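Trainee: Sharing work27.cif (mmCIF, C-alpha atoms) below.
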```cif
data_target
#
loop_
_atom_site.label_atom_id
_atom_site.label_comp_id
_atom_site.auth_asym_id
_atom_site.auth_seq_id
_atom_site.Cartn_x
_atom_site.Cartn_y
_atom_site.Cartn_z
CA MET H 1 11.88 10.14 -42.48
CA ALA H 2 9.80 7.04 -43.26
CA TRP H 3 7.09 6.10 -40.79
CA ASN H 4 8.65 2.74 -40.15
CA GLU H 5 12.21 3.96 -39.54
CA PRO H 6 13.69 3.45 -36.05
CA GLY H 7 12.93 6.22 -33.66
CA GLY H 8 10.01 7.38 -35.58
CA GLY H 9 7.42 6.07 -33.11
CA ASN H 10 3.78 5.89 -34.18
CA GLN H 11 3.60 9.38 -35.40
CA HIS H 12 3.76 8.42 -39.03
CA ASP H 13 1.79 5.16 -38.80
CA PRO H 14 -0.84 5.48 -41.55
CA TRP H 15 -3.21 3.07 -39.77
CA SER H 16 -3.24 4.97 -36.47
CA GLY H 17 -4.82 8.34 -36.27
CA GLY H 18 -1.72 9.85 -34.67
CA GLY H 19 -0.61 11.77 -37.67
CA ARG H 20 -3.87 13.63 -37.74
CA ARG H 21 -4.32 13.99 -34.03
CA GLY H 22 -0.70 14.78 -33.18
CA GLY H 23 -0.03 11.45 -31.45
CA GLY H 24 -2.05 12.33 -28.39
CA GLY H 25 -4.02 9.95 -26.05
CA ASN H 26 -5.10 6.36 -26.16
CA ARG H 27 -8.22 7.20 -28.07
CA GLY H 28 -6.18 8.38 -30.94
CA GLY H 29 -4.20 5.16 -30.87
CA ASN H 30 -7.35 2.92 -31.09
CA GLN H 31 -8.80 4.41 -34.28
CA GLY H 32 -7.45 1.56 -36.57
CA PRO H 33 -9.60 -0.89 -38.57
CA PRO H 34 -12.01 -3.07 -36.49
CA ASP H 35 -10.84 -6.50 -35.45
CA LEU H 36 -12.74 -9.45 -37.06
CA ASP H 37 -12.74 -11.49 -33.90
CA GLU H 38 -14.12 -8.53 -32.01
CA ALA H 39 -16.97 -8.15 -34.54
CA LEU H 40 -17.90 -11.84 -34.25
CA LYS H 41 -17.95 -11.59 -30.50
CA LYS H 42 -20.25 -8.60 -30.65
CA PHE H 43 -22.60 -10.43 -32.99
CA GLN H 44 -22.64 -13.44 -30.67
CA ASP H 45 -23.43 -11.22 -27.74
CA LYS H 46 -26.38 -9.72 -29.55
CA LEU H 47 -27.61 -13.17 -30.53
CA ASN H 48 -27.31 -14.37 -26.98
CA GLY H 49 -29.28 -11.34 -25.90
CA LEU H 50 -32.05 -12.31 -28.29
CA LEU H 51 -32.01 -15.89 -26.97
CA GLY H 52 -32.17 -14.79 -23.33
CA GLY H 53 -28.54 -14.15 -22.41
CA ARG H 54 -27.19 -10.71 -21.48
CA GLY H 55 -23.54 -9.69 -21.60
CA GLY H 56 -22.10 -6.93 -19.42
CA LYS H 57 -20.16 -3.95 -20.44
CA GLY H 58 -16.71 -4.66 -21.63
CA GLY H 59 -17.69 -8.12 -22.75
CA GLY H 60 -15.73 -7.48 -25.87
CA LYS H 61 -12.57 -6.99 -23.69
CA GLY H 62 -12.23 -10.58 -22.58
CA GLY H 63 -15.55 -10.93 -20.79
CA LYS H 64 -14.63 -8.79 -17.78
CA GLY H 65 -17.28 -6.82 -15.98
CA GLY H 66 -21.04 -7.21 -16.23
CA GLY H 67 -23.29 -9.47 -14.16
CA GLY H 68 -25.35 -11.30 -16.94
CA ARG H 69 -25.87 -15.05 -17.32
CA PRO H 70 -23.09 -17.02 -18.96
CA ARG H 71 -23.48 -17.47 -22.68
CA ASN H 72 -24.37 -20.92 -24.18
CA ALA H 73 -21.90 -21.95 -26.86
CA PHE H 74 -24.38 -24.41 -28.48
CA THR H 75 -27.18 -21.94 -29.04
CA LEU H 76 -26.08 -20.74 -32.47
CA PRO H 77 -25.27 -24.20 -33.88
CA GLY H 78 -28.60 -25.44 -32.62
CA LEU H 79 -30.44 -22.62 -34.30
CA LEU H 80 -28.58 -23.29 -37.53
CA VAL H 81 -29.48 -26.95 -37.27
CA VAL H 82 -33.16 -26.14 -36.78
CA ILE H 83 -33.16 -23.82 -39.77
CA ALA H 84 -31.40 -26.44 -41.88
CA LEU H 85 -33.92 -29.09 -40.85
CA ALA H 86 -36.78 -26.78 -41.74
CA VAL H 87 -35.29 -26.08 -45.14
CA TRP H 88 -34.62 -29.80 -45.68
CA ALA H 89 -38.18 -30.76 -44.74
CA ALA H 90 -39.68 -28.05 -46.94
CA SER H 91 -37.67 -29.18 -49.92
CA GLY H 92 -39.22 -32.66 -49.67
CA PHE H 93 -42.63 -31.57 -50.97
CA TYR H 94 -43.33 -32.06 -54.68
CA LEU H 95 -46.32 -32.18 -57.01
CA VAL H 96 -47.00 -34.97 -59.49
CA ASP H 97 -48.91 -33.89 -62.61
CA GLN H 98 -52.01 -35.70 -63.83
CA ALA H 99 -50.20 -37.09 -66.89
CA GLU H 100 -47.22 -38.32 -64.87
CA ARG H 101 -46.28 -40.98 -62.37
CA GLY H 102 -43.44 -40.67 -59.90
CA VAL H 103 -40.96 -43.50 -59.41
CA VAL H 104 -39.49 -43.26 -55.87
CA LEU H 105 -35.99 -44.60 -55.28
CA ARG H 106 -34.71 -44.82 -51.70
CA PHE H 107 -30.91 -44.93 -51.63
CA GLY H 108 -31.12 -46.12 -55.26
CA LYS H 109 -33.58 -48.97 -54.57
CA PHE H 110 -37.14 -48.93 -55.89
CA GLN H 111 -39.62 -47.93 -53.23
CA GLU H 112 -42.98 -47.14 -54.86
CA VAL H 113 -44.83 -45.46 -57.73
CA VAL H 114 -46.74 -42.36 -56.65
CA THR H 115 -49.93 -41.13 -58.30
CA PRO H 116 -50.82 -37.55 -59.26
CA GLY H 117 -51.09 -35.09 -56.36
CA LEU H 118 -48.98 -33.49 -53.62
CA HIS H 119 -46.44 -35.79 -51.99
CA TRP H 120 -43.51 -35.60 -49.59
CA ASN H 121 -40.37 -37.65 -49.55
CA PRO H 122 -37.22 -37.08 -47.52
CA PRO H 123 -34.71 -35.17 -49.65
CA LEU H 124 -31.27 -36.63 -50.21
CA ILE H 125 -32.71 -40.01 -49.13
CA ASP H 126 -35.42 -40.53 -51.75
CA ASP H 127 -35.02 -39.76 -55.43
CA VAL H 128 -38.27 -39.16 -57.34
CA ARG H 129 -38.20 -39.53 -61.14
CA MET H 130 -41.19 -38.41 -63.17
CA VAL H 131 -42.48 -40.47 -66.11
CA ASN H 132 -45.17 -39.26 -68.52
CA VAL H 133 -47.58 -42.15 -69.09
CA THR H 134 -50.11 -40.43 -71.38
CA ARG H 135 -47.87 -38.99 -74.07
CA VAL H 136 -47.82 -41.01 -77.28
CA ARG H 137 -44.23 -41.37 -78.44
CA SER H 138 -43.39 -42.11 -82.06
CA LEU H 139 -40.56 -43.77 -83.91
CA THR H 140 -39.86 -43.98 -87.67
CA GLN H 141 -37.34 -46.18 -89.46
CA THR H 142 -36.41 -46.78 -93.09
CA GLN H 143 -34.49 -49.98 -93.76
CA SER H 144 -33.35 -52.03 -96.75
CA MET H 145 -33.67 -55.75 -96.21
CA LEU H 146 -33.74 -59.10 -97.98
CA THR H 147 -37.02 -60.90 -98.74
CA ARG H 148 -37.73 -64.62 -98.88
CA ASP H 149 -37.30 -64.73 -102.67
CA GLU H 150 -33.85 -63.08 -102.33
CA ASN H 151 -34.87 -59.59 -103.43
CA ILE H 152 -34.04 -56.32 -101.72
CA VAL H 153 -36.87 -54.06 -100.61
CA GLU H 154 -36.94 -50.73 -98.81
CA VAL H 155 -39.52 -50.43 -96.05
CA GLU H 156 -40.45 -47.29 -94.12
CA ILE H 157 -42.25 -48.10 -90.88
CA SER H 158 -43.51 -45.99 -87.99
CA ALA H 159 -44.51 -47.02 -84.48
CA GLN H 160 -46.49 -45.23 -81.79
CA TYR H 161 -46.19 -46.36 -78.18
CA GLN H 162 -46.92 -45.35 -74.58
CA VAL H 163 -45.41 -46.13 -71.20
CA ALA H 164 -47.47 -48.89 -69.55
CA SER H 165 -45.25 -49.55 -66.50
CA PRO H 166 -43.30 -46.54 -65.18
CA ARG H 167 -41.13 -48.76 -62.95
CA ASP H 168 -40.02 -51.06 -65.80
CA PHE H 169 -39.59 -48.14 -68.18
CA MET H 170 -37.33 -46.31 -65.70
CA LEU H 171 -35.34 -49.16 -64.16
CA ASN H 172 -35.23 -52.22 -66.47
CA VAL H 173 -33.62 -50.64 -69.52
CA ARG H 174 -30.98 -47.98 -69.70
CA ASN H 175 -32.15 -46.41 -72.97
CA PRO H 176 -35.78 -47.28 -73.83
CA GLN H 177 -35.69 -45.38 -77.13
CA LEU H 178 -32.69 -47.33 -78.37
CA SER H 179 -34.20 -50.59 -77.15
CA ILE H 180 -37.41 -50.14 -79.10
CA GLU H 181 -35.46 -49.08 -82.21
CA ASN H 182 -33.41 -52.28 -82.11
CA ALA H 183 -36.46 -54.43 -81.37
CA LEU H 184 -38.42 -52.84 -84.24
CA ASP H 185 -35.57 -53.43 -86.67
CA SER H 186 -35.27 -57.07 -85.58
CA ALA H 187 -39.01 -57.76 -85.85
CA LEU H 188 -39.26 -56.07 -89.26
CA ARG H 189 -36.34 -58.00 -90.70
CA HIS H 190 -37.73 -61.29 -89.40
CA VAL H 191 -41.15 -60.75 -90.97
CA VAL H 192 -39.83 -59.36 -94.28
CA GLY H 193 -37.35 -62.22 -94.52
CA GLY H 194 -40.26 -64.68 -94.52
CA THR H 195 -42.36 -62.87 -97.15
CA ASP H 196 -42.05 -62.61 -100.93
CA MET H 197 -41.25 -59.22 -102.35
CA ILE H 198 -44.35 -58.96 -104.53
CA GLU H 199 -46.58 -59.48 -101.48
CA ILE H 200 -44.75 -56.72 -99.61
CA LEU H 201 -45.14 -54.32 -102.54
CA THR H 202 -48.82 -55.08 -103.24
CA SER H 203 -51.42 -56.78 -101.05
CA GLY H 204 -49.32 -57.96 -98.13
CA ARG H 205 -48.65 -54.62 -96.44
CA GLU H 206 -51.50 -54.93 -93.92
CA ILE H 207 -50.47 -58.47 -93.00
CA LEU H 208 -46.87 -57.26 -92.71
CA GLY H 209 -47.86 -54.48 -90.28
CA SER H 210 -49.90 -56.77 -88.01
CA SER H 211 -47.15 -59.40 -87.94
CA VAL H 212 -44.49 -56.83 -87.05
CA ALA H 213 -46.73 -55.37 -84.31
CA SER H 214 -47.33 -58.72 -82.59
CA ARG H 215 -43.68 -59.75 -82.78
CA LEU H 216 -42.41 -56.36 -81.57
CA GLN H 217 -44.75 -56.38 -78.57
CA SER H 218 -43.51 -59.83 -77.60
CA TYR H 219 -39.92 -58.58 -77.78
CA LEU H 220 -40.70 -55.56 -75.58
CA ASP H 221 -42.49 -57.73 -73.03
CA SER H 222 -39.58 -60.15 -72.85
CA TYR H 223 -37.16 -57.25 -72.34
CA GLY H 224 -39.37 -55.80 -69.59
CA THR H 225 -39.35 -52.31 -71.06
CA GLY H 226 -42.79 -51.36 -69.73
CA ILE H 227 -43.80 -50.10 -73.21
CA SER H 228 -47.19 -50.72 -74.83
CA LEU H 229 -47.52 -50.42 -78.62
CA GLN H 230 -50.42 -48.38 -79.96
CA THR H 231 -50.10 -48.68 -83.74
CA ILE H 232 -47.67 -49.93 -86.37
CA ASN H 233 -47.92 -48.31 -89.81
CA ILE H 234 -46.14 -49.40 -92.96
CA GLU H 235 -45.60 -45.99 -94.51
CA SER H 236 -44.13 -47.18 -97.81
CA THR H 237 -42.59 -50.20 -99.49
CA SER H 238 -40.55 -49.91 -102.67
CA ALA H 239 -37.91 -51.66 -104.69
CA PRO H 240 -34.37 -50.30 -104.94
CA ASP H 241 -33.98 -47.30 -107.22
CA PRO H 242 -32.11 -49.09 -110.08
CA VAL H 243 -34.96 -51.57 -110.62
CA ILE H 244 -37.97 -49.58 -109.48
CA ASP H 245 -39.29 -49.02 -113.04
CA ALA H 246 -39.34 -52.75 -113.77
CA PHE H 247 -41.13 -53.47 -110.52
CA ASP H 248 -43.67 -50.77 -111.27
CA ASP H 249 -44.44 -52.55 -114.54
CA VAL H 250 -44.89 -55.81 -112.68
CA ILE H 251 -47.20 -54.16 -110.20
CA ARG H 252 -49.30 -52.63 -112.96
CA ALA H 253 -49.56 -56.00 -114.69
CA ARG H 254 -50.71 -57.63 -111.49
CA GLU H 255 -53.26 -54.89 -110.98
CA ASP H 256 -54.57 -55.47 -114.50
CA ARG H 257 -54.77 -59.18 -113.76
CA GLN H 258 -56.71 -58.54 -110.58
CA ARG H 259 -59.05 -56.17 -112.39
CA THR H 260 -59.74 -58.80 -115.04
CA ILE H 261 -60.43 -61.36 -112.33
CA ASN H 262 -62.83 -58.98 -110.67
CA GLU H 263 -64.64 -58.36 -113.95
CA GLY H 264 -64.94 -62.11 -114.52
CA MET H 265 -66.30 -62.59 -111.03
CA ALA H 266 -68.84 -59.84 -111.63
CA TYR H 267 -69.93 -61.50 -114.88
CA ALA H 268 -70.17 -64.86 -113.14
CA ASN H 269 -72.22 -63.34 -110.36
CA ALA H 270 -74.61 -61.97 -112.97
CA ILE H 271 -74.87 -65.15 -115.09
CA ILE H 272 -74.98 -67.83 -112.41
CA PRO H 273 -78.18 -66.59 -110.72
CA ALA H 274 -79.94 -66.38 -114.12
CA ALA H 275 -78.82 -69.91 -114.99
CA GLN H 276 -79.89 -71.18 -111.61
CA GLY H 277 -83.29 -69.53 -112.06
CA GLN H 278 -83.71 -71.09 -115.50
CA ALA H 279 -82.70 -74.49 -114.17
CA GLN H 280 -85.18 -74.17 -111.35
CA ARG H 281 -87.89 -73.21 -113.81
CA LEU H 282 -87.16 -76.27 -115.95
CA ILE H 283 -87.22 -78.46 -112.88
CA GLU H 284 -90.59 -77.08 -111.85
CA GLN H 285 -91.92 -77.52 -115.40
CA GLY H 286 -90.76 -81.12 -115.38
CA GLN H 287 -92.39 -81.71 -112.05
CA GLY H 288 -95.61 -80.15 -113.36
CA TYR H 289 -95.50 -82.31 -116.50
CA ARG H 290 -94.88 -85.39 -114.41
CA GLU H 291 -97.81 -84.61 -112.17
CA SER H 292 -100.09 -83.93 -115.16
CA VAL H 293 -99.10 -87.18 -116.87
CA VAL H 294 -99.56 -89.16 -113.71
CA ALA H 295 -102.93 -87.54 -113.11
CA GLU H 296 -104.01 -88.23 -116.69
CA ALA H 297 -102.89 -91.83 -116.46
CA GLN H 298 -104.75 -92.25 -113.21
CA GLY H 299 -107.86 -90.70 -114.84
CA GLN H 300 -107.66 -93.08 -117.81
CA ALA H 301 -107.22 -96.00 -115.47
CA ASN H 302 -110.25 -94.95 -113.50
CA ARG H 303 -112.22 -94.48 -116.75
CA PHE H 304 -111.18 -97.93 -117.93
CA ASN H 305 -112.25 -99.46 -114.65
CA ALA H 306 -115.63 -97.74 -114.96
CA LEU H 307 -116.04 -99.01 -118.55
CA LEU H 308 -115.03 -102.48 -117.46
CA ALA H 309 -117.82 -102.57 -114.93
CA GLN H 310 -120.36 -101.49 -117.59
CA TYR H 311 -118.92 -103.93 -120.14
CA ARG H 312 -119.45 -106.79 -117.76
CA ASN H 313 -123.10 -105.79 -117.43
CA ALA H 314 -123.79 -105.37 -121.21
CA PRO H 315 -120.94 -106.66 -123.38
CA GLU H 316 -122.63 -106.28 -126.79
CA ILE H 317 -123.79 -102.74 -126.24
CA MET H 318 -120.45 -101.61 -124.82
CA ARG H 319 -118.57 -103.34 -127.65
CA GLU H 320 -120.64 -101.50 -130.26
CA ARG H 321 -120.25 -98.22 -128.41
CA LEU H 322 -116.50 -98.59 -128.15
CA TYR H 323 -116.27 -99.40 -131.84
CA LEU H 324 -118.27 -96.35 -132.83
CA ASP H 325 -116.20 -94.07 -130.57
CA ALA H 326 -112.98 -95.43 -132.01
CA ILE H 327 -114.15 -94.99 -135.61
CA ALA H 328 -115.35 -91.47 -134.85
CA GLU H 329 -112.03 -90.56 -133.30
CA VAL H 330 -110.02 -91.97 -136.21
CA PHE H 331 -112.10 -90.55 -139.09
CA GLY H 332 -112.75 -87.25 -137.33
CA LYS H 333 -109.14 -86.21 -138.03
CA THR H 334 -109.28 -86.70 -141.84
CA PRO H 335 -111.13 -84.65 -144.52
CA LYS H 336 -111.88 -87.71 -146.70
CA VAL H 337 -115.46 -89.04 -147.14
CA LEU H 338 -116.06 -92.78 -147.58
CA VAL H 339 -119.19 -93.81 -149.47
CA ASP H 340 -120.30 -97.40 -150.05
CA VAL H 341 -121.83 -97.44 -153.54
CA SER H 342 -123.87 -100.33 -154.97
CA ASP H 343 -126.13 -100.53 -158.00
CA ASP H 344 -129.38 -100.98 -156.18
CA ALA H 345 -128.62 -99.15 -152.93
CA PRO H 346 -129.74 -95.60 -152.37
CA LEU H 347 -127.09 -92.92 -151.97
CA MET H 348 -126.61 -91.01 -148.69
CA TYR H 349 -125.63 -87.52 -149.67
CA LEU H 350 -123.79 -85.10 -147.40
CA PRO H 351 -122.88 -81.65 -148.76
CA LEU H 352 -119.14 -81.36 -149.04
CA ASP H 353 -119.05 -77.85 -147.65
CA GLN H 354 -120.38 -79.22 -144.35
CA ARG H 355 -117.47 -81.55 -143.90
CA PRO H 356 -115.10 -80.66 -141.13
CA GLY H 357 -113.18 -77.59 -142.27
CA GLY H 358 -115.23 -77.18 -145.46
CA THR H 359 -116.60 -73.72 -146.40
CA ARG H 360 -116.97 -73.88 -150.17
CA SER H 361 -120.12 -74.35 -152.24
CA ASN H 362 -121.35 -77.71 -153.56
CA ALA H 363 -120.07 -77.13 -157.07
CA ASP H 364 -116.68 -75.93 -155.94
CA ALA H 365 -116.44 -78.76 -153.50
CA GLN H 366 -117.44 -81.30 -156.12
CA GLN H 367 -114.97 -79.80 -158.56
CA GLY H 368 -112.22 -79.68 -156.03
CA GLU H 369 -112.85 -83.20 -154.87
CA SER H 370 -113.45 -84.73 -158.31
CA GLY H 371 -110.00 -86.21 -158.31
CA GLU H 372 -110.61 -87.92 -155.02
CA LEU H 373 -114.21 -89.38 -155.52
CA ASP H 374 -115.16 -92.40 -157.50
CA PRO H 375 -116.70 -91.54 -160.94
CA ARG H 376 -119.79 -93.55 -160.14
CA VAL H 377 -120.34 -91.53 -157.00
CA LEU H 378 -119.98 -88.32 -158.94
CA GLU H 379 -122.44 -89.50 -161.57
CA ARG H 380 -125.08 -90.41 -159.07
CA MET H 381 -124.56 -87.12 -157.22
CA ARG H 382 -125.15 -85.22 -160.44
CA ASN H 383 -128.31 -87.21 -161.10
CA LEU H 384 -129.59 -86.37 -157.66
CA ASP H 385 -128.82 -82.70 -158.17
CA SER H 386 -130.63 -82.67 -161.50
CA GLN H 387 -133.69 -84.24 -159.98
CA GLY H 388 -133.73 -81.49 -157.35
CA GLY H 389 -133.92 -83.76 -154.39
CA SER H 390 -132.04 -86.08 -152.27
CA GLN H 391 -132.95 -89.46 -150.89
CA SER H 392 -132.02 -90.87 -147.58
CA ASN H 393 -132.80 -94.05 -145.81
CA SER H 394 -131.95 -94.25 -142.12
CA ASN H 395 -132.45 -98.01 -141.95
CA SER H 396 -130.08 -98.79 -144.82
CA SER H 397 -126.82 -100.31 -143.77
CA GLY H 398 -125.24 -100.41 -147.20
CA ILE H 399 -124.02 -96.79 -147.22
CA ARG H 400 -122.42 -95.34 -144.07
CA ARG H 401 -120.36 -92.29 -143.40
CA GLU H 402 -118.57 -91.95 -140.18
CA GLY H 403 -117.06 -88.61 -139.24
CA ARG H 404 -116.96 -85.85 -136.78
#
```
Show me, as C-alpha cells, the structure contained in the file I just sent.
Mentor:
Amino acid sequence: MAWNEPGGGNQHDPWSGGGRRGGGGNRGGNQGPPDLDEALKKFQDKLNGLLGGRGGKGGGKGGKGGGGRPRNAFTLPGLLVVIALAVWAASGFYLVDQAERGVVLRFGKFQEVVTPGLHWNPPLIDDVRMVNVTRVRSLTQTQSMLTRDENIVEVEISAQYQVASPRDFMLNVRNPQLSIENALDSALRHVVGGTDMIEILTSGREILGSSVASRLQSYLDSYGTGISLQTINIESTSAPDPVIDAFDDVIRAREDRQRTINEGMAYANAIIPAAQGQAQRLIEQGQGYRESVVAEAQGQANRFNALLAQYRNAPEIMRERLYLDAIAEVFGKTPKVLVDVSDDAPLMYLPLDQRPGGTRSNADAQQGESGELDPRVLERMRNLDSQGGSQSNSNSSGIRREGR
C-alpha cells in the first residue's frame, strides 16, 4: 500500500521517522527537516543575546516561557546600517599618483581638482576621474592636400602634446584625441594651401612646421581642450607617386642652383676684401702723395720768400747767383761740352773722361767725340797735347764751360 493512501496513517511517510521507529511517540514524529522560520528565530535569539537580550526556554515555540528582556526588533537592521556606513566610508578613500590629477564631480557637476596624495570623497555622491598630466601623447597623420600653386603634395606630420588643464580636458570635449586630429588636419591644410609646392618640398619645411604649430595651438585654446602642444614635426613631404621622379629632378636642379650661388658668394667674399684692401692702399698712397706735394710746394714757397728777402738786399749778386744755378742745373743733365773758341783767346781744356758719366781715356774720348766737336777745337787740343802742357787763364771770360 502506498504511504499516501487513505488509512495508511503516518507509518509510511518518508519524511517522518515513523517507518524506522515503528510509529511510536511524539519524538519520532518531530524528526522531519528543520523549519526555516524556526532557524531564523534561533539566530535572532542568539544575536539578541550578544546584544544584551536573553530569551527563555521554548522561545522557539511562540515565545512562551522564560523571563528574559523583550527583544528589540530594530537591533539587527541598525547593526546592518552601521556596517554598511562603515563600508561606505571606507570605500571613499583613494590615492592620487604623482603624475595624475583627480577631477572631482559631485552629482555630475565639477567640484575641484585634487593634487597627488591620499584623499577622501563620499562614494556614490562624488565621482573622481584621474587624468595623467605628465605623459607626452603623440599623434601622426599623413594627408594629401592642394598647395597654393594648385599642386598635390603628401605631408606626414606628427604632434606631441600634454594635458595642461585636467578640468578642460575631461569636461569640455567628449573625445580629445579626435578633436586634436581634426584640428591638426585643419591647420595643416590651411598652411599648405597658402604655400607653393616647391617651398614645401625644399626649404619651407621648418616654416611650415612652426606655422602649423601656432595655428593648431590657437584652435585648441579656442575649443577649450586643455591641451598644450610640445612639438610639431614635419616627418616627410613628397609629391604624388606618378610625378615623383620629375619633382626629384626639379629638386636636384634647385640644389645645384643653390650650390652655385653659394660658390659665387664664397668667391665674392674672397675677392671683395682684397679689392677693398687694394682700394684703401691706393687711397692712402694718394693721400701720401698729396701731403708730399703740398709739403714740397710749401717748402719752395718758403725758399722763394727767403730768396726774395736776400734779393731785395743785394739784387745784382742774387741775380748772378740765380743765373749760375739755373745754368748749372740745365747743363748738368747733358753730356755735351760747349767751348767758346777765338783766334787769339787761350783754350780752357777739360779732359773728356772727367765729364759727367765719362770713364774713357783722352784719346778714346777725343775719337768718340770727334763727330760732335768743332774741327778747330780738335786741332788746338792736339797742339796742346803735342806741346805736353795745358794753359788756363782764370780771368779770361772768352772761354767758359758750365757743367756739373
Trainee: Provide the CA of Val212 in chain H to CA of Thr134 in chain H distance in Å, to one decimal place.
Mentor: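 According to the coordinates, CA of Val212 in chain H and CA of Thr134 in chain H are separated by 23.4 Å.
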Trainee: Provide the CA of Val243 in chain H to CA of Leu201 in chain H distance in Å, to one decimal place.
Mentor: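 Going from CA of Val243 in chain H over to CA of Leu201 in chain H, I get 13.3 Å.
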Trainee: Run the PyMOL selection byres ((chain H and resi 121) around 6) against the file shown and list the residues it catches, as a list in words.
Mentor: Gly92, Trp120 and Pro122 of chain H
Trainee: When you draw a straight line from CA of Ser138 in chain H to CA of Val96 in chain H, how long is it in Å?
Mentor: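 Interatomic distance here is 23.9 Å.
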Trainee: Any chance you could work out the residue set of the PyMOL selection byres ((chain H and resi 230-232) around 7) here, as a list in words?
Mentor: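 Those residues are Ser158, Ala159, Gln160, Tyr161, Gly209, Ala213, Ser228, Leu229, Asn233 and Ile234 of chain H.
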Trainee: Quick one: residues within 12 Å of Glu199 in chain H, only C-alpha atoms counted, chain neighbours fewer than 6 positions away excluded, as a ChimeraX atom specification?
Mentor: /H:147-149,151,153,191-193,205-208,237-238,250-251,254
